[in-house]
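Notes for the one structure printed next.
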Amino acid sequence: ILVESVVLQDLIKRYHEKRLAHAFLLETNDINRCYKDILSLLKQLNCPQEYDVNCSNECNICNLFKTNNLPSFITISPEGKNIKKQQILDMMDKFNTKPVFSKYNMYVIKEAESFNSSSANTLLKFLEEPEDNILGFFITTNKENVISTIRSRCQIVTCFYDVDESATYNNEYLDEVKIYLNSIYKSNE
């Protein structure tokens, strides 16, 4: 599987059917895994060949994504507690030109609930008049915390991942719990 999330795999299908929206709000339980899936999705959508997960070093798009040097791709994360107006203005300025290496100008905004009113208003103008060659992804852990005017201009996608609960616990702690439970079990025999 090239993209872990089945929901994001569906976006690839929509792309081939020419039914891809210009902006997506992804609610997820794992921002980092979702971001990695979005990168894989964007590689597939922009690949000049038939995309392969083990893409060779000869592929310019994959190399540009890997080295974070693709001029038509921007990731925005909050600076401090908020996404700043200047970050949005810089993105809009960069996207005034058509992409050279890829099919789309693309952006991912992590923690989309972090807009302040100034940055949100600036972005709304950008979202209200979408261009054909721009794709945007907003990632959040709770879509209800994203400003409603942004939510209303995005296709909302829920992208939850299976979580291995044991990976979050310290192994020493688990070993102690096992010893304790084992002692209770043996004493009740």
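Starting from 1 in every chain, residues are counted up; chains themselves are A, B, ... following the order of the structure tokens, and ligands are numbered from 1 as listed.
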How close does region 16-128 of chain A get to region 135-158 of chain A? List, as a Markdown table, each residue of region 16-128 of chain A within 7 Å, its nearest atom pair and the distance in Å to one decimal, counting only C-alpha atoms.
```
| residue | atom | partner | partner_atom | distance |
| --- | --- | --- | --- | --- |
| A:Ala21 | CA | A:Gln155 | CA | 6.8 |
| A:His22 | CA | A:Leu135 | CA | 4.9 |
| A:Ala23 | CA | A:Gly136 | CA | 4.5 |
| A:Phe24 | CA | A:Gln155 | CA | 4.7 |
| A:Leu25 | CA | A:Phe138 | CA | 4.7 |
| A:Leu26 | CA | A:Val157 | CA | 4.8 |
| A:Glu27 | CA | A:Thr158 | CA | 4.9 |
| A:Thr28 | CA | A:Thr141 | CA | 5.0 |
| A:Asn29 | CA | A:Thr141 | CA | 5.7 |
| A:Ile31 | CA | A:Ile139 | CA | 6.7 |
| A:Tyr104 | CA | A:Leu135 | CA | 6.6 |
| A:Asn105 | CA | A:Leu135 | CA | 6.3 |
| A:Met106 | CA | A:Leu135 | CA | 4.8 |
| A:Tyr107 | CA | A:Gly136 | CA | 4.9 |
| A:Val108 | CA | A:Phe137 | CA | 4.7 |
| A:Ile109 | CA | A:Phe138 | CA | 4.8 |
| A:Lys110 | CA | A:Ile139 | CA | 4.9 |
| A:Glu111 | CA | A:Thr140 | CA | 4.9 |
| A:Ala112 | CA | A:Thr140 | CA | 5.4 |
| A:Glu113 | CA | A:Val146 | CA | 4.3 |
| A:Leu124 | CA | A:Ile150 | CA | 6.7 |
| A:Leu127 | CA | A:Arg153 | CA | 6.7 |
```
Looking only at strand (DSSP E) from DSSP on the backbone, list the matching residues of region 74-179 of chain A as a PyMOL selection string.
chain A and resi 74-76+105-110+134-140+155-159
For N, CA, C and O atoms, I'd like the residues from the last selection saved as a tab-separated table (two decimals), in the first residue's frame.
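Saved the output as again_24.tsv:
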```tsv
chain	number	residue	atom	x	y	z
A	74	ILE	N	4.59	23.65	0.17
A	74	ILE	CA	4.83	24.39	1.40
A	74	ILE	C	4.12	23.68	2.56
A	74	ILE	O	2.97	23.27	2.43
A	75	THR	N	4.84	23.56	3.67
A	75	THR	CA	4.24	23.08	4.91
A	75	THR	C	4.24	24.24	5.90
A	75	THR	O	5.28	24.88	6.09
A	76	ILE	N	3.09	24.48	6.49
A	76	ILE	CA	2.97	25.56	7.48
A	76	ILE	C	2.57	24.94	8.81
A	76	ILE	O	1.62	24.16	8.88
A	105	ASN	N	0.53	23.47	-7.25
A	105	ASN	CA	1.09	24.14	-6.09
A	105	ASN	C	0.35	23.52	-4.92
A	105	ASN	O	-0.88	23.39	-4.94
A	106	MET	N	1.10	23.09	-3.89
A	106	MET	CA	0.50	22.31	-2.81
A	106	MET	C	0.92	22.87	-1.47
A	106	MET	O	2.05	23.30	-1.30
A	107	TYR	N	-0.01	22.83	-0.53
A	107	TYR	CA	0.33	23.26	0.82
A	107	TYR	C	-0.34	22.35	1.83
A	107	TYR	O	-1.40	21.78	1.58
A	108	VAL	N	0.34	22.18	2.96
A	108	VAL	CA	-0.19	21.43	4.09
A	108	VAL	C	-0.07	22.34	5.29
A	108	VAL	O	1.00	22.90	5.56
A	109	ILE	N	-1.17	22.51	5.99
A	109	ILE	CA	-1.17	23.33	7.20
A	109	ILE	C	-1.45	22.40	8.38
A	109	ILE	O	-2.53	21.82	8.49
A	110	LYS	N	-0.42	22.23	9.21
A	110	LYS	CA	-0.55	21.39	10.40
A	110	LYS	C	-1.18	22.21	11.52
A	110	LYS	O	-0.97	23.41	11.61
A	134	ILE	N	-3.98	24.41	-7.52
A	134	ILE	CA	-3.58	24.48	-6.12
A	134	ILE	C	-4.36	23.45	-5.31
A	134	ILE	O	-5.58	23.34	-5.42
A	135	LEU	N	-3.62	22.69	-4.49
A	135	LEU	CA	-4.21	21.71	-3.58
A	135	LEU	C	-3.79	22.04	-2.16
A	135	LEU	O	-2.61	22.27	-1.90
A	136	GLY	N	-4.76	22.07	-1.25
A	136	GLY	CA	-4.45	22.38	0.14
A	136	GLY	C	-4.97	21.32	1.09
A	136	GLY	O	-6.04	20.75	0.87
A	137	PHE	N	-4.19	21.08	2.13
A	137	PHE	CA	-4.56	20.10	3.15
A	137	PHE	C	-4.39	20.75	4.52
A	137	PHE	O	-3.32	21.27	4.83
A	138	PHE	N	-5.45	20.72	5.30
A	138	PHE	CA	-5.43	21.23	6.66
A	138	PHE	C	-5.52	20.02	7.58
A	138	PHE	O	-6.45	19.23	7.44
A	139	ILE	N	-4.58	19.88	8.51
A	139	ILE	CA	-4.58	18.73	9.41
A	139	ILE	C	-4.90	19.21	10.82
A	139	ILE	O	-4.33	20.19	11.30
A	140	THR	N	-5.81	18.49	11.48
A	140	THR	CA	-6.20	18.83	12.85
A	140	THR	C	-6.56	17.55	13.60
A	140	THR	O	-6.89	16.54	12.98
A	155	GLN	N	-13.31	20.17	1.91
A	155	GLN	CA	-13.93	18.85	1.98
A	155	GLN	C	-13.37	18.20	3.24
A	155	GLN	O	-12.15	18.11	3.42
A	156	ILE	N	-14.25	17.76	4.13
A	156	ILE	CA	-13.81	17.21	5.41
A	156	ILE	C	-13.60	15.70	5.26
A	156	ILE	O	-14.46	14.99	4.75
A	157	VAL	N	-12.43	15.26	5.72
A	157	VAL	CA	-12.05	13.86	5.64
A	157	VAL	C	-11.60	13.41	7.03
A	157	VAL	O	-10.79	14.09	7.67
A	158	THR	N	-12.12	12.29	7.48
A	158	THR	CA	-11.70	11.73	8.76
A	158	THR	C	-10.67	10.65	8.46
A	158	THR	O	-10.93	9.74	7.68
A	159	CYS	N	-9.53	10.75	9.09
A	159	CYS	CA	-8.39	9.89	8.77
A	159	CYS	C	-7.79	9.36	10.06
A	159	CYS	O	-6.76	9.84	10.51
```
I need the residues of region 56-174 of chain A that end up classed as alpha helix (DSSP H) by DSSP on the backbone, written out as an MDAnalysis selection string.
chainID A and resid 60:66 85:94 117:128 148:151 171:174
Give me the residues near Lys84 (chain A) as a list in words, where near means some atom within 8 Å (using only C-alpha atoms) and where sequence neighbours in that chain fewer than 6 positions away do not count.
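Result of the neighbour search: Pro78, Phe115, Asn116, Ser118 and Ser119 of chain A.
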From the set A:Gly80, A:Thr122, A:Asn133, A:Lys186, which residue has the shortest atom-to-atom contact distance to Pro99 (chain A), counting only C-alpha atoms?
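Nearest candidate to Pro99 (chain A) out of A:Gly80, A:Thr122, A:Asn133, A:Lys186: A:Asn133.
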